[in-house]
file my_file.cif (mmCIF, C-alpha atoms)
data_target
loop_
_atom_site.label_atom_id
_atom_site.label_comp_id
_atom_site.auth_asym_id
_atom_site.auth_seq_id
_atom_site.Cartn_x
_atom_site.Cartn_y
_atom_site.Cartn_z
CA MET A 1 -14.11 17.13 -6.96
CA ASP A 2 -14.79 18.91 -3.66
CA ALA A 3 -12.72 18.32 -0.55
CA LEU A 4 -15.33 16.17 1.21
CA ALA A 5 -15.77 13.85 -1.79
CA LEU A 6 -11.98 13.53 -2.05
CA PHE A 7 -11.81 12.72 1.67
CA ALA A 8 -14.45 10.01 1.15
CA VAL A 9 -12.42 8.45 -1.68
CA PHE A 10 -9.23 8.41 0.41
CA LEU A 11 -11.05 7.11 3.50
CA LYS A 12 -12.63 4.26 1.51
CA ALA A 13 -9.28 3.27 0.01
CA SER A 14 -7.57 3.36 3.40
CA ALA A 15 -10.34 1.51 5.25
CA LEU A 16 -10.52 -1.31 2.69
CA SER A 17 -6.80 -1.92 2.29
CA LEU A 18 -4.21 -3.79 4.33
CA GLY A 19 -0.85 -2.07 4.58
CA GLY A 20 0.80 0.89 2.87
CA LEU A 21 0.59 0.59 -0.90
CA SER A 22 -2.44 -1.73 -0.97
CA SER A 23 -4.85 1.24 -1.15
CA LEU A 24 -3.53 1.87 -4.68
CA PRO A 25 -5.97 -0.32 -6.69
CA LEU A 26 -9.00 1.39 -5.09
CA LEU A 27 -7.52 4.88 -5.48
CA ARG A 28 -6.61 4.25 -9.11
CA ALA A 29 -10.14 2.99 -9.80
CA ASP A 30 -11.77 5.97 -8.05
CA LEU A 31 -9.44 8.77 -9.21
CA VAL A 32 -7.75 7.80 -12.51
CA ALA A 33 -10.68 6.07 -14.22
CA PRO A 34 -13.05 9.11 -13.79
CA GLY A 35 -10.27 11.51 -14.87
CA ILE A 36 -9.75 13.26 -11.50
CA ALA A 37 -6.07 12.19 -11.42
CA THR A 38 -3.75 10.92 -14.16
CA ASP A 39 -1.50 7.86 -14.18
CA ASP A 40 1.45 10.29 -14.34
CA GLN A 41 0.34 11.79 -11.02
CA VAL A 42 -0.03 8.32 -9.48
CA VAL A 43 3.50 7.45 -10.63
CA GLN A 44 4.86 10.72 -9.21
CA ALA A 45 3.08 10.14 -5.89
CA ILE A 46 4.38 6.57 -5.53
CA ALA A 47 7.93 7.68 -6.36
CA ILE A 48 7.82 10.57 -3.89
CA GLY A 49 6.22 8.35 -1.23
CA ARG A 50 9.11 5.91 -1.61
CA ILE A 51 11.76 8.63 -1.43
CA SER A 52 10.16 10.50 1.49
CA THR A 53 10.34 9.53 5.16
CA GLY A 54 7.59 7.69 7.03
CA PRO A 55 5.38 4.77 5.95
CA ASN A 56 5.10 4.00 2.22
CA GLY A 57 1.36 4.49 2.57
CA LEU A 58 2.00 8.25 2.79
CA TYR A 59 2.14 8.27 -1.02
CA ILE A 60 -1.57 9.16 -0.74
CA VAL A 61 -0.60 12.47 0.89
CA SER A 62 1.51 13.24 -2.19
CA LEU A 63 -1.36 12.18 -4.45
CA GLY A 64 -3.76 14.35 -2.44
CA TYR A 65 -1.44 17.32 -2.93
CA LEU A 66 -1.13 16.71 -6.68
CA VAL A 67 -4.93 16.48 -7.07
CA ALA A 68 -6.04 19.29 -4.73
CA GLY A 69 -3.08 21.09 -3.15
CA VAL A 70 -2.64 21.44 0.61
CA VAL A 71 -6.35 20.73 1.23
CA GLY A 72 -6.04 17.46 -0.70
CA ALA A 73 -2.91 16.49 1.23
CA THR A 74 -4.66 17.23 4.54
CA MET A 75 -7.71 15.17 3.54
CA ALA A 76 -5.42 12.28 2.56
CA LEU A 77 -3.45 12.49 5.82
CA ILE A 78 -6.59 12.40 7.98
CA ALA A 79 -8.14 9.63 5.87
CA ALA A 80 -4.95 7.53 6.17
CA SER A 81 -4.75 8.02 9.95
CA ILE A 82 -8.29 7.07 11.00
CA PRO A 83 -8.94 3.48 9.75
CA PRO A 84 -5.80 1.87 11.26
CA LEU A 85 -6.77 3.30 14.66
CA LEU A 86 -9.99 1.24 14.64
CA ILE A 87 -7.75 -1.54 15.93
CA VAL A 88 -7.25 0.32 19.25
CA PRO A 89 -10.88 0.20 20.52
CA LEU A 90 -11.38 -3.19 18.82
CA THR A 91 -8.42 -4.58 20.72
CA ALA A 92 -9.67 -3.11 23.98
CA ALA A 93 -13.11 -4.67 23.46
CA ALA A 94 -12.32 -8.00 21.83
CA ARG A 95 -8.63 -8.79 21.95
CA ARG A 96 -9.06 -12.59 22.13
CA TRP A 97 -11.57 -12.60 19.30
CA MET A 98 -9.12 -10.66 17.11
CA LEU A 99 -6.64 -13.53 17.28
CA THR A 100 -9.05 -16.32 16.28
CA THR A 101 -8.83 -18.53 13.19
CA PRO A 102 -11.70 -16.95 11.16
CA VAL A 103 -10.29 -13.44 11.66
CA ALA A 104 -6.82 -14.62 10.62
CA GLY A 105 -8.41 -16.21 7.54
CA LEU A 106 -10.40 -13.10 6.66
CA VAL A 107 -7.34 -10.90 6.87
CA ARG A 108 -5.29 -13.42 4.86
CA GLY A 109 -8.01 -13.60 2.19
CA VAL A 110 -8.21 -9.81 1.89
CA ALA A 111 -4.40 -9.56 1.75
CA LEU A 112 -4.11 -12.20 -0.99
CA ALA A 113 -6.93 -10.66 -3.06
CA THR A 114 -5.34 -7.24 -2.58
CA ALA A 115 -1.94 -8.60 -3.67
CA GLY A 116 -3.53 -9.80 -6.92
CA LEU A 117 -5.16 -6.40 -7.48
CA LEU A 118 -1.89 -4.65 -6.63
CA ALA A 119 0.00 -6.77 -9.17
CA ALA A 120 -2.67 -5.93 -11.77
CA THR A 121 -2.29 -2.23 -10.91
CA GLY A 122 1.50 -2.48 -11.28
CA ILE A 123 1.07 -4.09 -14.70
CA GLY A 124 -1.41 -1.33 -15.56
CA ILE A 125 1.14 1.36 -14.63
CA VAL A 126 3.85 -0.29 -16.74
CA MET A 127 1.47 -0.58 -19.70
CA ALA A 128 -0.12 2.88 -19.20
CA THR A 129 1.74 4.40 -22.15
CA GLY A 130 0.07 1.88 -24.46
CA ALA A 131 3.24 0.38 -25.91
CA PRO A 132 6.21 0.39 -23.49
CA SER A 133 9.58 0.06 -25.22
CA TRP A 134 12.13 -2.67 -24.44
CA TRP A 135 14.11 -0.51 -22.02
CA GLN A 136 10.97 0.41 -20.07
CA LEU A 137 10.04 -3.27 -19.70
CA ALA A 138 13.64 -4.02 -18.65
CA LEU A 139 13.46 -1.22 -16.04
CA ALA A 140 10.20 -2.64 -14.67
CA ALA A 141 11.79 -6.10 -14.37
CA ILE A 142 14.87 -4.67 -12.63
CA ALA A 143 12.63 -2.73 -10.20
CA VAL A 144 10.67 -5.91 -9.40
CA VAL A 145 13.85 -7.82 -8.53
CA LEU A 146 15.54 -5.00 -6.56
CA THR A 147 12.39 -4.15 -4.58
CA TYR A 148 11.61 -7.79 -3.81
CA ARG A 149 15.15 -8.44 -2.58
CA GLY A 150 15.08 -5.19 -0.58
CA THR A 151 18.85 -4.72 -0.58
CA VAL A 152 18.86 -1.43 -2.53
CA HIS A 153 17.21 1.75 -1.20
CA PRO A 154 14.03 2.63 -3.16
CA ALA A 155 15.38 6.14 -3.87
CA ILE A 156 18.32 4.57 -5.76
CA VAL A 157 15.97 2.34 -7.78
CA ILE A 158 13.91 5.43 -8.71
CA ALA A 159 17.11 7.34 -9.58
CA ILE A 160 18.11 4.50 -11.94
CA GLY A 161 14.71 4.86 -13.62
CA ALA A 162 15.04 8.64 -13.91
CA ALA A 163 18.58 8.34 -15.35
CA ALA A 164 17.45 5.75 -17.89
CA GLY A 165 14.50 7.98 -18.81
CA LEU A 166 16.83 10.96 -19.35
CA ALA A 167 19.20 8.87 -21.46
CA LEU A 168 16.65 6.94 -23.53
CA GLY A 169 13.31 8.69 -23.12
CA ARG A 170 13.78 11.67 -25.43
CA MET B 1 6.08 -2.45 27.43
CA SER B 2 7.40 -6.02 27.52
CA PRO B 3 8.67 -7.81 24.37
CA ARG B 4 5.62 -10.05 24.56
CA GLU B 5 3.24 -7.06 24.68
CA PHE B 6 5.04 -5.45 21.76
CA GLY B 7 4.87 -8.73 19.81
CA GLU B 8 1.13 -8.93 20.36
CA ALA B 9 0.65 -5.26 19.42
CA TRP B 10 2.61 -5.95 16.22
CA ALA B 11 0.47 -9.01 15.42
CA LEU B 12 -2.74 -7.03 16.04
CA SER B 13 -1.48 -4.09 13.94
CA GLN B 14 -1.08 -6.47 10.98
CA LEU B 15 -4.86 -7.10 11.16
CA SER B 16 -5.71 -3.40 10.92
CA PRO B 17 -7.03 -1.68 7.82
CA GLY B 18 -4.82 0.94 6.18
CA ILE B 19 -1.23 1.66 7.20
CA HIS B 20 -0.12 -0.96 9.76
CA LEU B 21 2.51 1.33 11.28
CA VAL B 22 -0.25 3.79 12.29
CA ALA B 23 -2.07 0.96 14.07
CA LEU B 24 1.14 -0.09 15.82
CA ALA B 25 1.82 3.50 16.92
CA GLY B 26 -1.76 3.74 18.19
CA LEU B 27 -1.52 0.51 20.20
CA VAL B 28 1.86 1.44 21.68
CA GLY B 29 0.64 4.99 22.42
CA ARG B 30 -2.46 3.70 24.20
CA ARG B 31 -0.40 1.34 26.35
CA ALA B 32 1.96 4.17 27.27
CA ALA B 33 -0.45 7.03 27.95
CA GLY B 34 -4.08 6.18 27.10
CA TRP B 35 -5.91 8.09 24.40
CA ARG B 36 -3.59 11.06 24.66
CA GLY B 37 -0.77 8.61 23.95
CA VAL B 38 -2.59 7.42 20.81
CA VAL B 39 -2.88 10.97 19.50
CA ALA B 40 0.73 11.82 20.40
CA ALA B 41 2.19 8.66 18.86
CA VAL B 42 0.22 8.87 15.61
CA ALA B 43 0.71 12.62 15.19
CA GLY B 44 4.41 12.27 15.96
CA MET B 45 4.82 9.62 13.30
CA MET B 46 2.56 11.04 10.58
CA ILE B 47 2.74 14.84 10.66
CA PRO B 48 6.50 15.37 10.12
CA ALA B 49 6.61 12.65 7.44
CA ALA B 50 3.53 14.09 5.72
CA ALA B 51 5.04 17.60 5.81
CA ILE B 52 8.25 16.31 4.18
CA THR B 53 6.18 14.42 1.59
CA VAL B 54 4.19 17.56 0.74
CA ALA B 55 7.39 19.64 0.51
CA LEU B 56 8.97 17.10 -1.87
CA THR B 57 5.78 16.99 -3.96
CA ALA B 58 5.57 20.79 -4.11
CA ALA B 59 9.24 21.00 -5.13
CA TYR B 60 8.69 18.40 -7.83
CA ALA B 61 5.54 20.16 -9.07
CA LEU B 62 7.67 23.24 -9.88
CA ILE B 63 9.66 21.28 -12.48
CA ALA B 64 7.07 18.64 -13.45
CA ALA B 65 6.22 20.26 -16.79
CA SER B 66 9.84 20.69 -17.93
CA PRO B 67 11.14 18.47 -20.78
CA ILE B 68 13.79 17.00 -18.48
CA ALA B 69 11.20 15.95 -15.87
CA ARG B 70 8.98 14.50 -18.62
CA ALA B 71 11.89 12.42 -19.94
CA ALA B 72 12.81 11.21 -16.44
CA LEU B 73 9.19 10.22 -15.85
CA ALA B 74 9.35 7.88 -18.86
CA GLY B 75 11.86 5.86 -16.83
CA VAL B 76 10.34 6.38 -13.38
CA ALA B 77 6.89 5.14 -14.47
CA PRO B 78 7.96 1.55 -15.30
CA VAL B 79 10.09 1.53 -12.12
CA THR B 80 7.12 2.41 -9.90
CA GLY B 81 5.04 -0.19 -11.76
CA GLY B 82 7.73 -2.77 -11.04
CA MET B 83 7.91 -1.69 -7.39
CA THR B 84 4.15 -2.13 -7.12
CA ILE B 85 4.35 -5.66 -8.56
CA ALA B 86 7.18 -6.49 -6.11
CA THR B 87 5.11 -5.09 -3.21
CA ALA B 88 2.33 -7.48 -4.22
CA ALA B 89 4.78 -10.39 -4.23
CA LEU B 90 6.10 -9.38 -0.80
CA LEU B 91 2.53 -9.21 0.51
CA VAL B 92 2.00 -12.80 -0.66
CA ARG B 93 5.31 -13.88 0.90
CA THR B 94 4.37 -12.50 4.33
CA THR B 95 0.72 -13.61 4.17
CA ALA B 96 0.78 -17.07 2.60
CA ARG B 97 0.88 -20.00 5.00
CA ARG B 98 4.05 -22.06 5.31
CA SER B 99 3.03 -25.64 4.49
CA ARG B 100 3.30 -26.46 0.78
CA ALA B 101 -0.37 -27.36 0.26
CA HIS B 102 -1.64 -24.27 2.09
CA ALA B 103 0.85 -22.01 0.29
CA ALA B 104 -0.34 -23.34 -3.08
CA ILE B 105 -3.96 -22.53 -2.17
CA ASP B 106 -2.99 -19.04 -0.97
CA VAL B 107 -0.98 -18.24 -4.11
CA GLY B 108 -3.92 -19.58 -6.15
CA VAL B 109 -6.29 -17.10 -4.44
CA CYS B 110 -3.89 -14.27 -5.28
CA LEU B 111 -3.55 -15.36 -8.93
CA ALA B 112 -7.34 -15.70 -9.22
CA SER B 113 -7.68 -12.10 -8.02
CA LEU B 114 -4.98 -10.97 -10.49
CA GLY B 115 -6.67 -12.82 -13.36
CA ALA B 116 -10.11 -11.50 -12.42
CA ALA B 117 -8.74 -7.93 -12.40
CA VAL B 118 -6.74 -8.17 -15.65
CA PHE B 119 -8.96 -10.36 -17.82
CA LEU B 120 -12.47 -9.99 -16.38
CA GLY B 121 -12.29 -6.39 -15.19
CA ILE B 122 -13.95 -7.37 -11.90
CA PRO B 123 -14.57 -4.32 -9.65
CA THR B 124 -11.85 -3.83 -7.03
CA LEU B 125 -14.34 -3.93 -4.15
CA GLY B 126 -15.80 -7.20 -5.48
CA ALA B 127 -12.39 -8.88 -5.46
CA ILE B 128 -11.64 -7.66 -1.91
CA GLY B 129 -15.05 -8.83 -0.69
CA ALA B 130 -14.61 -12.23 -2.32
CA GLY B 131 -11.15 -12.52 -0.74
CA ALA B 132 -12.59 -11.69 2.69
CA ALA B 133 -15.38 -14.29 2.36
CA ILE B 134 -13.10 -17.05 1.03
CA GLY B 135 -10.52 -16.21 3.67
CA ALA B 136 -12.91 -16.27 6.63
CA LEU B 137 -14.39 -19.58 5.49
CA ALA B 138 -11.31 -21.43 4.28
CA LEU B 139 -7.93 -19.74 4.78
CA GLY B 140 -7.70 -19.44 8.57
CA ARG B 141 -6.28 -22.83 9.52
CA GLU B 142 -2.57 -23.19 9.74
CA PRO B 143 -0.24 -25.94 11.00
CA PRO B 144 1.04 -25.23 14.53
CA THR B 145 4.65 -24.72 13.35
CA SER B 146 3.72 -21.33 11.89
CA ARG B 147 4.81 -17.77 12.63
CA GLU B 148 1.82 -17.25 14.92
CA SER B 149 3.35 -19.46 17.58
CA SER B 150 6.55 -17.40 17.55
CA VAL B 151 4.74 -14.12 18.14
CA GLY B 152 4.23 -15.17 21.74
#
call {"tool": "encode", "arguments": {"input": "my_file.cif", "output": "structure tokens"}}
result
Amino acid sequence: MDALALFAVFLKASALSLGGLSSLPLLRADLVAPGIATDDQVVQAIAIGRISTGPNGLYIVSLGYLVAGVVGATMALIAASIPPLLIVPLTAAARRWMLTTPVAGLVRGVALATAGLLAATGIGIVMATGAPSWWQLALAAIAVVLTYRGTVHPAIVIAIGAAAGLALGR
Amino acid sequence: MSPREFGEAWALSQLSPGIHLVALAGLVGRRAAGWRGVVAAVAGMMIPAAAITVALTAAYALIAASPIARAALAGVAPVTGGMTIATAALLVRTTARRSRAHAAIDVGVCLASLGAAVFLGIPTLGAIGAGAAIGALALGREPPTSRESSVG
């Protein structure tokens, strides 16, 4: 995949998502399904994005690097930075309109649909090996609870997963 | 920037596509120093974090093929899957309306999207488009005791 096509994929995912990780369903559909990226790379990118500084949405920079090196990371960074900035001229031109009921409903509808897709993507990642073992399902359940409660740093949750993988995954 | 202005910038940033923090940085930057402020704020937030992310990814790529990294990945994969499911749940928690009847409808829309993706294999764009249409037509109204009144 050439750099421009990769940029288009990242731009589409960023422009049609709401918030950091919600670009994942579109990216997985456009990159993993055609064989440009693997589920392993997606997992690595999400984990690194959670450990690294900055918004969680920067996982796409990691994914860009894994797929196409520094050029891929640069494409992902630019693609992630442009769509959110549409709000700046939109706000200048139509601030009152932005805070109306239909706009609130549209954004809520997209967010709820995206949440469903994101949950499906999460299930897909857990099931990606075909037949996850009991300890992998238990790890997924623990990660759901710890992440939802938000009291434990994501890097620690990922370290728990890595330790369990080292102990049980060989 | 007054607390009220910041509150409104935050509310508007939540409507933006992509990473909301980028939108917030852009709105704050514009208020502070016009378009040069937008560029400075967004570059200041994104470039160092992206450089650290690339460095971590490059470091990981050096050991990715080793047996130890492969074994660790067998545990990290279900964890990231679980984190993704929790992120979806958190998105519903912040988005769904507060009254019981409205919340039930909102959770129903989310579950319909989940079911359509898992069981019907509906294209991702189709689900997002359907969510946008249903939302604009039916999910905008909210009782006045909601968060929106506290934003200011």
call {"tool": "atom_distance", "arguments": {"input": "my_file.cif", "atom1": "atom CA of Arg4 of chain B", "atom2": "atom CA of Gly135 of chain B"}}
result
27.1 Å
call {"tool": "closest_residue", "arguments": {"input": "my_file.cif", "among": "B:Leu120, B:Gly115, B:Trp35, B:Gly82", "to": "chain A", "atoms": "all atoms listed in the file"}}
result
B:Gly82
call {"tool": "closest_residue", "arguments": {"input": "my_file.cif", "among": "A:Phe10, A:Ile160, A:Gly124, A:Gly109", "to": "Ala133 of chain B", "atoms": "all atoms listed in the file"}}
result
A:Gly109
call {"tool": "closest_residue", "arguments": {"input": "my_file.cif", "among": "A:Thr91, A:Gln41, A:Ser62, A:Thr147", "to": "Ala76 of chain A", "atoms": "all atoms listed in the file"}}
result
A:Ser62
call {"tool": "interface_residues", "arguments": {"input": "my_file.cif", "of": "chain B", "to": "chain A", "cutoff": "6 Å", "atoms": "all atoms listed in the file", "output": "count of residues only"}}
result
38
call {"tool": "atom_distance", "arguments": {"input": "my_file.cif", "atom1": "atom CA of Gly130 of chain A", "atom2": "atom CA of Ala37 of chain A"}}
result
17.7 Å
call {"tool": "atom_distance", "arguments": {"input": "my_file.cif", "atom1": "atom CA of Leu24 of chain B", "atom2": "atom CA of Trp10 of chain B"}}
result
6.1 Å
call {"tool": "residues_around", "arguments": {"input": "my_file.cif", "residues": "Arg97 of chain B", "least_positions_apart": "3", "cutoff": "10 Å", "atoms": "only C-alpha atoms", "output": "MDAnalysis selection string"}}
result
(chainID A and resid 108) or (chainID B and resid 92:94 100:107 139:143 146:147)
call {"tool": "residues_around", "arguments": {"input": "my_file.cif", "residues": "Gly29 of chain B", "least_positions_apart": "4", "cutoff": "8 Å", "atoms": "only C-alpha atoms", "output": "MDAnalysis selection string"}}
result
chainID B and resid 25 33:42
call {"tool": "closest_residue", "arguments": {"input": "my_file.cif", "among": "A:Thr151, A:Ser133, A:Trp97, A:Ala33", "to": "Leu15 of chain B", "atoms": "only C-alpha atoms"}}
result
A:Trp97
call {"tool": "closest_residue", "arguments": {"input": "my_file.cif", "among": "A:Ala155, A:Met75, A:Ala131, A:Gly35", "to": "Asp2 of chain A", "atoms": "only C-alpha atoms"}}
result
A:Met75
